[in-house]
$ cat my_file_17.csv   # CSV, C-alpha atoms
chain,number,residue,atom,x,y,z
A,1073,MET,CA,-40.6,33.1,10.6
A,1074,GLY,CA,-41.2,31.5,14.1
A,1075,LEU,CA,-44.3,33.6,14.5
A,1076,LEU,CA,-45.7,32.4,11.2
A,1077,ARG,CA,-45.1,28.8,12.1
A,1078,ILE,CA,-46.9,29.3,15.4
A,1079,MET,CA,-49.9,30.9,13.6
A,1080,MET,CA,-50.2,28.2,10.9
A,1081,PRO,CA,-52.8,25.5,11.5
A,1082,PRO,CA,-51.4,22.0,12.3
A,1083,LYS,CA,-52.6,20.6,8.9
A,1084,LEU,CA,-50.7,23.4,7.1
A,1085,GLN,CA,-47.6,22.8,9.2
A,1086,LEU,CA,-47.8,19.1,8.3
A,1087,LEU,CA,-48.2,19.9,4.6
A,1088,ALA,CA,-45.3,22.3,4.8
A,1089,VAL,CA,-43.1,19.6,6.4
A,1090,VAL,CA,-44.1,17.0,3.8
A,1091,ALA,CA,-43.6,19.5,0.9
A,1092,PHE,CA,-40.1,20.3,2.3
A,1093,ALA,CA,-39.2,16.6,2.6
A,1094,VAL,CA,-40.5,16.0,-1.0
A,1095,ALA,CA,-38.4,18.9,-2.3
A,1096,MET,CA,-35.3,17.6,-0.6
A,1097,LEU,CA,-35.8,14.1,-2.0
A,1098,PHE,CA,-36.3,15.7,-5.5
A,1099,LEU,CA,-33.1,17.7,-5.1
A,1100,GLU,CA,-31.1,14.7,-4.0
A,1101,ASN,CA,-32.5,12.7,-6.9
A,1102,GLN,CA,-31.5,15.5,-9.3
A,1103,ILE,CA,-28.0,15.7,-7.8
A,1104,GLN,CA,-27.6,11.9,-8.2
A,1105,LYS,CA,-28.7,12.2,-11.9
A,1106,LEU,CA,-26.2,15.0,-12.5
A,1107,GLU,CA,-23.4,12.8,-10.9
A,1108,GLU,CA,-24.4,9.9,-13.2
A,1109,SER,CA,-24.4,12.2,-16.2
A,1110,ARG,CA,-21.0,13.6,-15.3
A,1111,ALA,CA,-19.6,10.0,-15.0
A,1112,LYS,CA,-21.0,9.1,-18.4
A,1113,LEU,CA,-19.5,12.3,-19.9
A,1114,GLU,CA,-16.1,11.5,-18.4
A,1115,ARG,CA,-16.2,8.0,-19.9
A,1116,ALA,CA,-17.2,9.4,-23.3
A,1117,ILE,CA,-14.5,12.0,-23.2
A,1118,ALA,CA,-12.0,9.2,-22.2
A,1119,ARG,CA,-13.0,7.0,-25.1
A,1120,HIS,CA,-12.8,10.0,-27.5
A,1121,GLU,CA,-9.3,10.8,-26.2
A,1122,VAL,CA,-8.2,7.2,-26.8
A,1123,ARG,CA,-9.5,7.2,-30.3
A,1124,GLU,CA,-7.7,10.5,-31.1
A,1125,ILE,CA,-4.4,9.1,-29.8
A,1126,GLU,CA,-4.8,5.9,-31.8
A,1127,GLN,CA,-5.6,7.9,-34.9
A,1128,ARG,CA,-2.7,10.2,-34.4
A,1129,HIS,CA,-0.3,7.2,-34.0
A,1130,THR,CA,-1.6,5.3,-37.0
A,1131,MET,CA,-1.8,8.1,-39.6
A,1132,ASP,CA,1.5,6.9,-41.2
A,1133,GLY,CA,0.6,3.3,-41.4
A,1134,PRO,CA,-1.6,0.4,-40.1
A,1135,ARG,CA,-1.7,-0.2,-36.4
A,1136,GLN,CA,-0.1,-3.7,-36.6
A,1137,ASP,CA,3.0,-2.1,-38.0
A,1138,VAL,CA,3.6,0.0,-34.9
A,1139,ALA,CA,6.9,-1.1,-33.3
A,1140,VAL,CA,8.2,-0.3,-29.9
A,1141,ASP,CA,11.9,0.2,-29.1
A,1142,GLU,CA,13.1,-2.1,-26.3
A,1143,GLU,CA,13.8,0.9,-24.1
A,1144,GLU,CA,10.3,2.3,-24.7
A,1145,ASP,CA,8.6,-1.0,-24.1
A,1146,ILE,CA,7.9,-0.2,-20.4
A,1147,VAL,CA,4.6,-0.3,-18.5
A,1148,ILE,CA,4.2,0.6,-14.9
A,1149,ILE,CA,1.1,-0.3,-12.9
A,1150,TYR,CA,0.3,1.5,-9.7
A,1151,ASN,CA,-2.6,-0.4,-8.2
A,1152,ARG,CA,-3.2,2.3,-5.7
A,1153,VAL,CA,-4.7,1.6,-2.3
A,1154,PRO,CA,-7.3,4.3,-1.3
A,1155,LYS,CA,-6.2,7.0,1.0
A,1156,THR,CA,-2.5,6.4,1.0
A,1157,ALA,CA,-1.6,9.7,-0.8
A,1158,SER,CA,-2.3,7.9,-4.0
A,1159,THR,CA,-3.8,10.9,-5.8
A,1160,SER,CA,-1.0,13.1,-4.6
A,1161,PHE,CA,1.6,10.8,-6.1
A,1162,THR,CA,-0.3,10.1,-9.3
A,1163,ASN,CA,-0.6,13.8,-10.0
A,1164,ILE,CA,3.2,14.0,-10.1
A,1165,ALA,CA,3.1,11.4,-12.8
A,1166,TYR,CA,0.6,13.6,-14.7
A,1167,ASP,CA,2.7,16.7,-14.2
A,1168,LEU,CA,5.8,14.9,-15.7
A,1169,CYS,CA,4.3,12.8,-18.5
A,1170,ALA,CA,4.5,15.5,-21.3
A,1171,LYS,CA,8.1,16.5,-20.4
A,1172,ASN,CA,9.3,12.9,-20.0
A,1173,ARG,CA,7.3,11.6,-23.0
A,1174,TYR,CA,5.1,8.8,-21.6
A,1175,HIS,CA,1.4,8.2,-21.3
A,1176,VAL,CA,-0.7,8.2,-18.1
A,1177,LEU,CA,-3.9,6.2,-18.0
A,1178,HIS,CA,-6.5,5.9,-15.2
A,1179,ILE,CA,-8.0,2.4,-14.8
A,1180,ASN,CA,-11.6,3.3,-13.9
A,1181,THR,CA,-13.5,0.3,-12.6
A,1182,THR,CA,-17.2,0.3,-12.0
A,1183,LYS,CA,-18.0,1.4,-8.4
A,1184,ASN,CA,-14.2,1.2,-7.7
A,1185,ASN,CA,-14.4,-2.5,-7.5
A,1186,PRO,CA,-10.8,-3.8,-7.0
A,1187,VAL,CA,-11.6,-7.3,-8.2
A,1188,MET,CA,-12.0,-7.7,-12.0
A,1189,SER,CA,-14.1,-10.4,-13.6
A,1190,LEU,CA,-12.1,-13.2,-15.4
A,1191,GLN,CA,-13.0,-11.8,-18.8
A,1192,ASP,CA,-12.0,-8.3,-17.8
A,1193,GLN,CA,-8.7,-9.7,-16.5
A,1194,VAL,CA,-8.0,-11.1,-20.0
A,1195,ARG,CA,-9.0,-7.8,-21.7
A,1196,PHE,CA,-6.8,-5.8,-19.3
A,1197,VAL,CA,-3.8,-8.0,-19.7
A,1198,LYS,CA,-4.2,-7.9,-23.5
A,1199,ASN,CA,-4.6,-4.1,-23.5
A,1200,ILE,CA,-1.5,-3.5,-21.3
A,1201,THR,CA,0.8,-5.8,-23.3
A,1202,THR,CA,-0.3,-5.0,-26.9
A,1203,TRP,CA,-1.3,-1.4,-26.8
A,1204,ASN,CA,2.0,-0.1,-28.2
A,1205,GLU,CA,0.6,3.4,-28.8
A,1206,MET,CA,0.4,3.9,-25.1
A,1207,LYS,CA,4.0,2.8,-24.3
A,1208,PRO,CA,5.8,3.9,-22.3
A,1209,GLY,CA,2.8,3.8,-20.1
A,1210,PHE,CA,1.9,4.5,-16.5
A,1211,TYR,CA,-1.4,2.9,-15.5
A,1212,HIS,CA,-3.0,3.7,-12.1
A,1213,GLY,CA,-6.3,2.6,-10.4
A,1214,HIS,CA,-7.8,1.0,-7.4
A,1215,ILE,CA,-7.4,-2.6,-8.4
A,1216,SER,CA,-5.9,-5.5,-6.6
A,1217,TYR,CA,-2.7,-7.2,-7.8
A,1218,LEU,CA,-3.0,-9.2,-11.0
A,1219,ASP,CA,-0.4,-11.8,-11.9
A,1220,PHE,CA,0.3,-11.4,-15.7
A,1221,ALA,CA,2.4,-14.6,-15.8
A,1222,LYS,CA,-0.7,-16.8,-15.5
A,1223,PHE,CA,-1.9,-15.3,-18.8
A,1224,GLY,CA,1.2,-16.4,-20.6
A,1225,VAL,CA,2.8,-12.9,-20.8
A,1226,LYS,CA,6.5,-13.0,-21.3
A,1227,LYS,CA,7.3,-9.4,-20.3
A,1228,LYS,CA,5.4,-8.4,-17.2
A,1229,PRO,CA,4.6,-4.8,-16.2
A,1230,ILE,CA,6.5,-3.1,-13.3
A,1231,TYR,CA,4.3,-2.9,-10.2
A,1232,ILE,CA,4.8,-0.1,-7.7
A,1233,ASN,CA,2.6,0.9,-4.7
A,1234,VAL,CA,2.4,2.9,-1.5
A,1235,ILE,CA,0.8,1.8,1.8
A,1236,ARG,CA,0.0,3.6,5.0
A,1237,ASP,CA,-0.4,3.0,8.8
A,1238,PRO,CA,-3.7,1.1,8.8
A,1239,ILE,CA,-5.5,3.1,11.4
A,1240,GLU,CA,-4.5,6.4,9.8
A,1241,ARG,CA,-5.6,5.2,6.5
A,1242,LEU,CA,-9.1,4.2,7.8
A,1243,VAL,CA,-9.5,7.5,9.7
A,1244,SER,CA,-8.7,9.4,6.5
A,1245,TYR,CA,-11.1,7.3,4.4
A,1246,TYR,CA,-13.9,7.7,7.1
A,1247,TYR,CA,-13.7,11.5,6.9
A,1248,PHE,CA,-13.2,11.5,3.1
A,1249,LEU,CA,-16.5,9.8,2.6
A,1250,ARG,CA,-18.2,12.5,4.6
A,1251,PHE,CA,-16.4,15.7,3.8
A,1252,GLY,CA,-14.3,15.0,0.7
A,1253,ASP,CA,-11.0,16.8,0.2
A,1254,ASP,CA,-9.5,20.0,-1.2
A,1255,TYR,CA,-9.0,18.3,-4.7
A,1256,ARG,CA,-12.7,18.3,-5.7
A,1257,PRO,CA,-14.4,20.2,-2.8
A,1258,GLY,CA,-17.7,20.5,-4.6
A,1259,LEU,CA,-18.2,16.8,-5.2
A,1260,ARG,CA,-21.0,15.2,-3.2
A,1261,ARG,CA,-19.6,12.3,-1.1
A,1262,ARG,CA,-21.5,9.1,-0.2
A,1263,LYS,CA,-21.8,9.8,3.5
A,1264,GLN,CA,-22.2,13.6,3.2
A,1265,GLY,CA,-24.3,15.0,6.0
A,1266,ASP,CA,-23.1,12.5,8.6
A,1267,LYS,CA,-21.4,14.6,11.2
A,1268,LYS,CA,-20.4,11.7,13.6
A,1269,THR,CA,-16.8,11.7,14.5
A,1270,PHE,CA,-14.6,8.7,14.1
A,1271,ASP,CA,-14.3,8.4,17.9
A,1272,GLU,CA,-18.1,8.4,18.2
A,1273,CYS,CA,-18.4,5.8,15.5
A,1274,VAL,CA,-15.9,3.5,17.3
A,1275,ALA,CA,-17.5,4.0,20.6
A,1276,GLU,CA,-20.9,3.1,19.2
A,1277,GLY,CA,-19.6,0.1,17.3
A,1278,GLY,CA,-20.5,1.6,13.9
A,1279,SER,CA,-20.0,-0.3,10.7
A,1280,ASP,CA,-17.9,2.4,8.9
A,1281,CYS,CA,-15.2,2.2,11.5
A,1282,ALA,CA,-15.4,-1.5,12.3
A,1283,PRO,CA,-12.1,-3.5,12.4
A,1284,GLU,CA,-13.2,-5.3,9.3
A,1285,LYS,CA,-12.8,-2.0,7.4
A,1286,LEU,CA,-9.0,-2.2,8.1
A,1287,TRP,CA,-8.7,-5.2,5.8
A,1288,LEU,CA,-7.7,-3.6,2.6
A,1289,GLN,CA,-4.0,-3.3,2.0
A,1290,ILE,CA,-3.4,-7.0,2.5
A,1291,PRO,CA,-6.0,-8.0,-0.2
A,1292,PHE,CA,-4.8,-5.3,-2.6
A,1293,PHE,CA,-1.3,-7.0,-2.5
A,1294,CYS,CA,-2.6,-10.5,-2.3
A,1295,GLY,CA,-4.6,-10.3,-5.5
A,1296,HIS,CA,-7.7,-11.8,-7.2
A,1297,SER,CA,-7.9,-15.1,-5.3
A,1298,SER,CA,-11.0,-15.6,-3.2
A,1299,GLU,CA,-9.0,-16.2,0.0
A,1300,CYS,CA,-7.4,-12.7,-0.4
A,1301,TRP,CA,-10.7,-11.1,0.5
A,1302,ASN,CA,-11.4,-13.5,3.4
A,1303,VAL,CA,-11.1,-11.0,6.3
A,1304,GLY,CA,-8.4,-12.2,8.7
A,1305,SER,CA,-6.9,-14.8,6.4
A,1306,ARG,CA,-3.3,-15.7,7.4
A,1307,TRP,CA,-2.8,-17.2,3.9
A,1308,ALA,CA,-3.8,-13.9,2.4
A,1309,MET,CA,-1.2,-12.0,4.4
A,1310,ASP,CA,1.5,-14.5,3.6
A,1311,GLN,CA,0.7,-14.2,-0.1
A,1312,ALA,CA,0.6,-10.4,0.1
A,1313,LYS,CA,4.1,-10.4,1.7
A,1314,TYR,CA,5.4,-12.8,-1.0
A,1315,ASN,CA,4.0,-10.5,-3.8
A,1316,LEU,CA,5.4,-7.4,-2.2
A,1317,VAL,CA,8.9,-8.9,-2.2
A,1318,ASN,CA,8.8,-10.8,-5.5
A,1319,GLU,CA,6.4,-9.0,-7.7
A,1320,TYR,CA,6.7,-5.3,-6.8
A,1321,PHE,CA,9.6,-3.2,-8.0
A,1322,LEU,CA,9.2,-0.8,-5.1
A,1323,VAL,CA,6.6,-0.2,-2.3
A,1324,GLY,CA,6.8,3.0,-0.3
A,1325,VAL,CA,5.0,4.3,2.7
A,1326,THR,CA,2.8,7.4,2.9
A,1327,GLU,CA,4.8,8.7,5.9
A,1328,GLU,CA,8.0,8.7,3.8
A,1329,LEU,CA,6.6,9.6,0.4
A,1330,GLU,CA,9.4,12.0,-0.6
A,1331,ASP,CA,12.0,9.2,-0.2
A,1332,PHE,CA,9.8,6.9,-2.2
A,1333,ILE,CA,9.7,9.4,-5.1
A,1334,MET,CA,13.5,10.0,-4.8
A,1335,LEU,CA,14.2,6.3,-5.2
A,1336,LEU,CA,11.9,6.0,-8.2
A,1337,GLU,CA,13.6,8.9,-9.9
A,1338,ALA,CA,17.0,7.3,-9.3
A,1339,ALA,CA,15.9,3.8,-10.5
A,1340,LEU,CA,13.4,4.8,-13.2
A,1341,PRO,CA,14.4,8.2,-14.6
A,1342,ARG,CA,12.6,7.4,-17.9
A,1343,PHE,CA,9.4,8.2,-16.0
A,1344,PHE,CA,10.3,10.1,-12.9
A,1345,ARG,CA,13.1,12.4,-13.9
A,1346,GLY,CA,12.4,15.7,-12.1
A,1347,ALA,CA,9.9,14.2,-9.7
A,1348,THR,CA,11.8,14.9,-6.5
A,1349,ASP,CA,12.3,18.6,-7.2
A,1350,LEU,CA,8.6,18.8,-8.3
A,1351,TYR,CA,7.6,17.3,-5.0
A,1352,ARG,CA,9.9,19.5,-2.9
A,1353,THR,CA,9.6,22.9,-4.7
A,1354,GLY,CA,6.8,22.6,-7.3
A,1355,LYS,CA,3.4,24.3,-7.3
A,1356,LYS,CA,2.1,21.5,-5.0
A,1357,SER,CA,-0.9,21.0,-7.3
A,1358,HIS,CA,-0.4,17.3,-6.6
A,1359,LEU,CA,-1.0,17.5,-2.9
A,1360,ARG,CA,-4.4,16.4,-1.6
A,1361,LYS,CA,-5.8,16.7,1.9
A,1362,THR,CA,-9.0,15.2,3.4
A,1363,THR,CA,-11.0,18.0,5.0
A,1364,GLU,CA,-12.6,18.1,8.5
A,1365,LYS,CA,-10.4,15.2,9.6
A,1366,LYS,CA,-10.1,14.8,13.4
A,1367,LEU,CA,-7.4,12.7,14.9
A,1368,PRO,CA,-8.7,9.8,17.0
A,1369,THR,CA,-8.1,9.6,20.7
A,1370,LYS,CA,-5.7,7.2,22.4
A,1371,GLN,CA,-8.7,5.3,23.7
A,1372,THR,CA,-10.1,4.8,20.1
A,1373,ILE,CA,-6.8,3.7,18.8
A,1374,ALA,CA,-6.3,1.3,21.7
A,1375,LYS,CA,-9.7,-0.3,21.0
A,1376,LEU,CA,-9.0,-0.9,17.4
A,1377,GLN,CA,-5.6,-2.3,18.2
A,1378,GLN,CA,-7.3,-5.1,20.2
A,1379,SER,CA,-8.5,-6.5,16.9
A,1380,ASP,CA,-6.8,-9.4,15.3
A,1381,ILE,CA,-7.5,-7.8,11.9
A,1382,TRP,CA,-5.5,-4.7,13.0
A,1383,LYS,CA,-2.7,-6.9,14.2
A,1384,MET,CA,-2.4,-8.5,10.8
A,1385,GLU,CA,-2.7,-5.3,8.8
A,1386,ASN,CA,-0.2,-3.7,11.0
A,1387,GLU,CA,2.2,-6.6,10.7
A,1388,PHE,CA,2.0,-6.3,6.9
A,1389,TYR,CA,2.5,-2.5,7.1
A,1390,GLU,CA,5.6,-3.0,9.4
A,1391,PHE,CA,6.9,-5.7,7.0
A,1392,ALA,CA,6.5,-3.2,4.0
A,1393,LEU,CA,8.2,-0.5,6.0
A,1394,GLU,CA,11.1,-2.7,6.8
A,1395,GLN,CA,11.6,-3.7,3.2
A,1396,PHE,CA,11.4,0.0,2.1
A,1397,GLN,CA,13.9,1.2,4.7
A,1398,PHE,CA,16.3,-1.7,3.7
A,1399,ILE,CA,16.2,-0.6,0.1
A,1400,ARG,CA,16.6,3.0,1.0
A,1401,ALA,CA,19.6,2.3,3.3
A,1402,HIS,CA,21.5,0.7,0.4
A,1403,ALA,CA,20.6,3.4,-2.1
A,1404,VAL,CA,21.2,6.7,-0.4
A,1405,ARG,CA,23.7,8.4,2.0
A,1406,GLU,CA,22.9,11.1,4.5
A,1407,LYS,CA,24.7,14.4,4.8
A,1408,ASP,CA,23.7,17.3,7.0
A,1409,GLY,CA,20.3,15.8,7.5
A,1410,ASP,CA,19.6,15.4,3.7
A,1411,LEU,CA,19.6,12.2,1.7
A,1412,TYR,CA,21.6,11.8,-1.5
A,1413,ILE,CA,21.4,9.0,-4.1
A,1414,LEU,CA,24.5,6.9,-4.3
A,1415,ALA,CA,26.4,6.8,-7.5
A,1416,GLN,CA,27.0,3.5,-9.3
A,1417,ASN,CA,28.8,1.3,-6.9
A,1418,PHE,CA,30.0,-1.6,-9.1
A,1419,PHE,CA,32.1,-2.0,-12.2
A,1420,TYR,CA,33.4,-4.8,-14.5
A,1421,GLU,CA,36.9,-6.2,-14.6
A,1422,LYS,CA,38.9,-9.3,-15.6
A,1423,ILE,CA,37.1,-9.4,-19.0
A,1424,TYR,CA,38.1,-12.3,-21.2
A,1425,PRO,CA,39.0,-13.2,-23.8
A,1426,LYS,CA,41.1,-10.1,-24.4
A,1427,SER,CA,40.3,-8.2,-27.6
A,1428,ASN,CA,43.2,-7.6,-30.0

$ encode --input "my_file_17.csv" --output "structure tokens"
Amino acid sequence: MGLLRIMMPPKLQLLAVVAFAVAMLFLENQIQKLEESRAKLERAIARHEVREIEQRHTMDGPRQDVAVDEEEDIVIIYNRVPKTASTSFTNIAYDLCAKNRYHVLHINTTKNNPVMSLQDQVRFVKNITTWNEMKPGFYHGHISYLDFAKFGVKKKPIYINVIRDPIERLVSYYYFLRFGDDYRPGLRRRKQGDKKTFDECVAEGGSDCAPEKLWLQIPFFCGHSSECWNVGSRWAMDQAKYNLVNEYFLVGVTEELEDFIMLLEAALPRFFRGATDLYRTGKKSHLRKTTEKKLPTKQTIAKLQQSDIWKMENEFYEFALEQFQFIRAHAVREKDGDLYILAQNFFYEKIYPKSN
């Protein structure tokens, strides 16, 4: 092949290079079209599935007659932060939904935009609260926190979430965009072909590893206010902390995911009965790992930690970790290195008036 290239006239060599470049552009264009077609097909299948479920639930009467028992009128929203083991945890919910009799729905936003338009917020709130056929329901998607109370909703959904060490999350996301993971290994990723390591990116001051890219967990918990997405906003962090404590049922950390699942099973068995055993001993189909990931050096970590943005995201992470460990400490006991859920620790007495 090298001999043929040497013997080819310069003009033919140039034509061959141009032809090769055109062919590669054509292939990339075809791959992009195939991905768009796949996305359209997935949306069409999802709409078809929804129609089938609605028809199945309304065969015995009109939809407005559908009533939901109080114990079944439960909706959980997992507004998952990217690269925090969110797919691993969500797949556990999928594995359990048939056995525990609830529905799981993915909230697929265009281009994974975490901020909904005002009209979509109204639609979403209405869907969540009135779609009785989907109750009990577990909704998950990459969306920022949305306060249902501002829309006049009396019974708000239960929010849960998981967060991760901010630098570890960014490193995982960086390599995910380039190499994908073992969940869908054949899917072409946005930065595929870029072989630059995270260390090299930081050393060169690249945009994909800039400190600004750390600003994600705070705005996800802060919500849909403009200030939430103002990078480095102290107000946004304070609001995120407030929402975590007051609006979220439980927030776990990636590094202690098993304990998070165990607490959910103890507190919300309607959804998570069997989740701990599945996580510990199951077929592990829910586990997902980013491929080709290389741990950053101490120098890279130290450089990122100089940023005020890292300091704020890390402060929020440490705050969430402290809250989670506090809840866990009052819910479990340790024996021989294993954790066990505490039995009910309260009872009622001195009940008056006395019944005859």

$ residues_around --input "my_file_17.csv" --residues "Ile1373 (chain A)" --least-positions-apart "5" --cutoff "10 Å" --atoms "all atoms listed in the file" --output "list in words"
Ile1239, Glu1240, Asp1271, Val1274, Leu1367, Pro1368 and Gln1378 of chain A

$ residues_around --input "my_file_17.csv" --residues "Arg1342 (chain A)" --least-positions-apart "4" --cutoff "10 Å" --atoms "only C-alpha atoms" --output "JSON, numbers by chain"
{"A": [1143, 1144, 1146, 1169, 1172, 1173, 1174, 1208, 1336, 1337, 1338]}

$ write_last_selection --input "my_file_17.csv" --atoms "C-alpha atoms" --output "compact mmCIF listing (two decimals), in the coordinates of the input"
# COMPACT_ATOMS: atom_id res chain seq x y z
CA GLU A 1143 13.80 0.90 -24.10
CA GLU A 1144 10.30 2.30 -24.70
CA ILE A 1146 7.90 -0.20 -20.40
CA CYS A 1169 4.30 12.80 -18.50
CA ASN A 1172 9.30 12.90 -20.00
CA ARG A 1173 7.30 11.60 -23.00
CA TYR A 1174 5.10 8.80 -21.60
CA PRO A 1208 5.80 3.90 -22.30
CA LEU A 1336 11.90 6.00 -8.20
CA GLU A 1337 13.60 8.90 -9.90
CA ALA A 1338 17.00 7.30 -9.30

$ closest_atom_pairs --input "my_file_17.csv" --of "region 1242-1359 of chain A" --to "region 1175-1189 of chain A" --cutoff "12 Å" --atoms "only C-alpha atoms" --output "JSON lines"
{"residue": "A:Arg1262", "atom": "CA", "partner": "A:Lys1183", "partner_atom": "CA", "distance": 11.8}
{"residue": "A:Leu1288", "atom": "CA", "partner": "A:Pro1186", "partner_atom": "CA", "distance": 10.1}
{"residue": "A:Gln1289", "atom": "CA", "partner": "A:Pro1186", "partner_atom": "CA", "distance": 11.3}
{"residue": "A:Pro1291", "atom": "CA", "partner": "A:Pro1186", "partner_atom": "CA", "distance": 9.3}
{"residue": "A:Phe1292", "atom": "CA", "partner": "A:Pro1186", "partner_atom": "CA", "distance": 7.6}
{"residue": "A:Phe1293", "atom": "CA", "partner": "A:Pro1186", "partner_atom": "CA", "distance": 11.0}
{"residue": "A:Cys1294", "atom": "CA", "partner": "A:Val1187", "partner_atom": "CA", "distance": 11.2}
{"residue": "A:Gly1295", "atom": "CA", "partner": "A:Val1187", "partner_atom": "CA", "distance": 8.1}
{"residue": "A:His1296", "atom": "CA", "partner": "A:Val1187", "partner_atom": "CA", "distance": 6.0}
{"residue": "A:Ser1297", "atom": "CA", "partner": "A:Val1187", "partner_atom": "CA", "distance": 9.1}
{"residue": "A:Ser1298", "atom": "CA", "partner": "A:Val1187", "partner_atom": "CA", "distance": 9.7}
{"residue": "A:Cys1300", "atom": "CA", "partner": "A:Val1187", "partner_atom": "CA", "distance": 10.4}
{"residue": "A:Trp1301", "atom": "CA", "partner": "A:Val1187", "partner_atom": "CA", "distance": 9.5}
{"residue": "A:Arg1342", "atom": "CA", "partner": "A:His1175", "partner_atom": "CA", "distance": 11.7}
{"residue": "A:Phe1343", "atom": "CA", "partner": "A:His1175", "partner_atom": "CA", "distance": 9.6}

$ atom_distance --input "my_file_17.csv" --atom1 "CA of Ile1148 (chain A)" --atom2 "CA of Phe1396 (chain A)"
18.5 Å

$ residues_around --input "my_file_17.csv" --residues "Lys1155 (chain A)" --least-positions-apart "2" --cutoff "7 Å" --atoms "only C-alpha atoms" --output "MDAnalysis selection string"
chainID A and resid 1153 1157:1158 1241 1244:1245

$ closest_residue --input "my_file_17.csv" --among "A:Asn1233, A:Thr1159, A:Gln1191, A:Thr1369" --to "Ser1216 (chain A)" --atoms "all atoms listed in the file"
A:Asn1233

$ closest_residue --input "my_file_17.csv" --among "A:Pro1238, A:Pro1082, A:Gly1346, A:Gly1278" --to "Thr1326 (chain A)" --atoms "all atoms listed in the file"
A:Pro1238

$ closest_residue --input "my_file_17.csv" --among "A:Phe1251, A:Phe1270, A:Phe1161, A:Phe1388" --to "Leu1329 (chain A)" --atoms "only C-alpha atoms"
A:Phe1161

$ residues_around --input "my_file_17.csv" --residues "Leu1286 (chain A)" --least-positions-apart "2" --cutoff "7 Å" --atoms "all atoms listed in the file" --output "PyMOL selection string"
chain A and resi 1238+1242+1283-1284+1288+1381-1382

$ atom_distance --input "my_file_17.csv" --atom1 "CA of Thr1353 (chain A)" --atom2 "CA of Ile1413 (chain A)"
18.2 Å

$ closest_atom_pairs --input "my_file_17.csv" --of "region 1213-1302 of chain A" --to "region 1317-1325 of chain A" --cutoff "9 Å" --atoms "all atoms listed in the file" --output "Markdown table"
| residue | atom | partner | partner_atom | distance |
| --- | --- | --- | --- | --- |
| A:Asp1219 | CA | A:Glu1319 | CA | 8.5 |
| A:Ile1230 | CA | A:Phe1321 | CA | 6.1 |
| A:Tyr1231 | CA | A:Tyr1320 | CA | 4.8 |
| A:Ile1232 | CA | A:Leu1322 | CA | 5.2 |
| A:Asn1233 | CA | A:Val1323 | CA | 4.8 |
| A:Val1234 | CA | A:Gly1324 | CA | 4.6 |
| A:Ile1235 | CA | A:Val1325 | CA | 5.0 |
| A:Arg1236 | CA | A:Val1325 | CA | 5.5 |
| A:Asp1237 | CA | A:Val1325 | CA | 8.2 |

$ write_last_selection --input "my_file_17.csv" --atoms "C-alpha atoms" --output "PDB file, in the coordinates of the input"
ATOM      1  CA  ASP A1219      -0.400 -11.800 -11.900  1.00  0.00           C
ATOM      2  CA  ILE A1230       6.500  -3.100 -13.300  1.00  0.00           C
ATOM      3  CA  TYR A1231       4.300  -2.900 -10.200  1.00  0.00           C
ATOM      4  CA  ILE A1232       4.800  -0.100  -7.700  1.00  0.00           C
ATOM      5  CA  ASN A1233       2.600   0.900  -4.700  1.00  0.00           C
ATOM      6  CA  VAL A1234       2.400   2.900  -1.500  1.00  0.00           C
ATOM      7  CA  ILE A1235       0.800   1.800   1.800  1.00  0.00           C
ATOM      8  CA  ARG A1236       0.000   3.600   5.000  1.00  0.00           C
ATOM      9  CA  ASP A1237      -0.400   3.000   8.800  1.00  0.00           C
TER      10      ASP A1237
END

$ atom_distance --input "my_file_17.csv" --atom1 "CA of Ala1308 (chain A)" --atom2 "CA of Lys1383 (chain A)"
13.8 Å
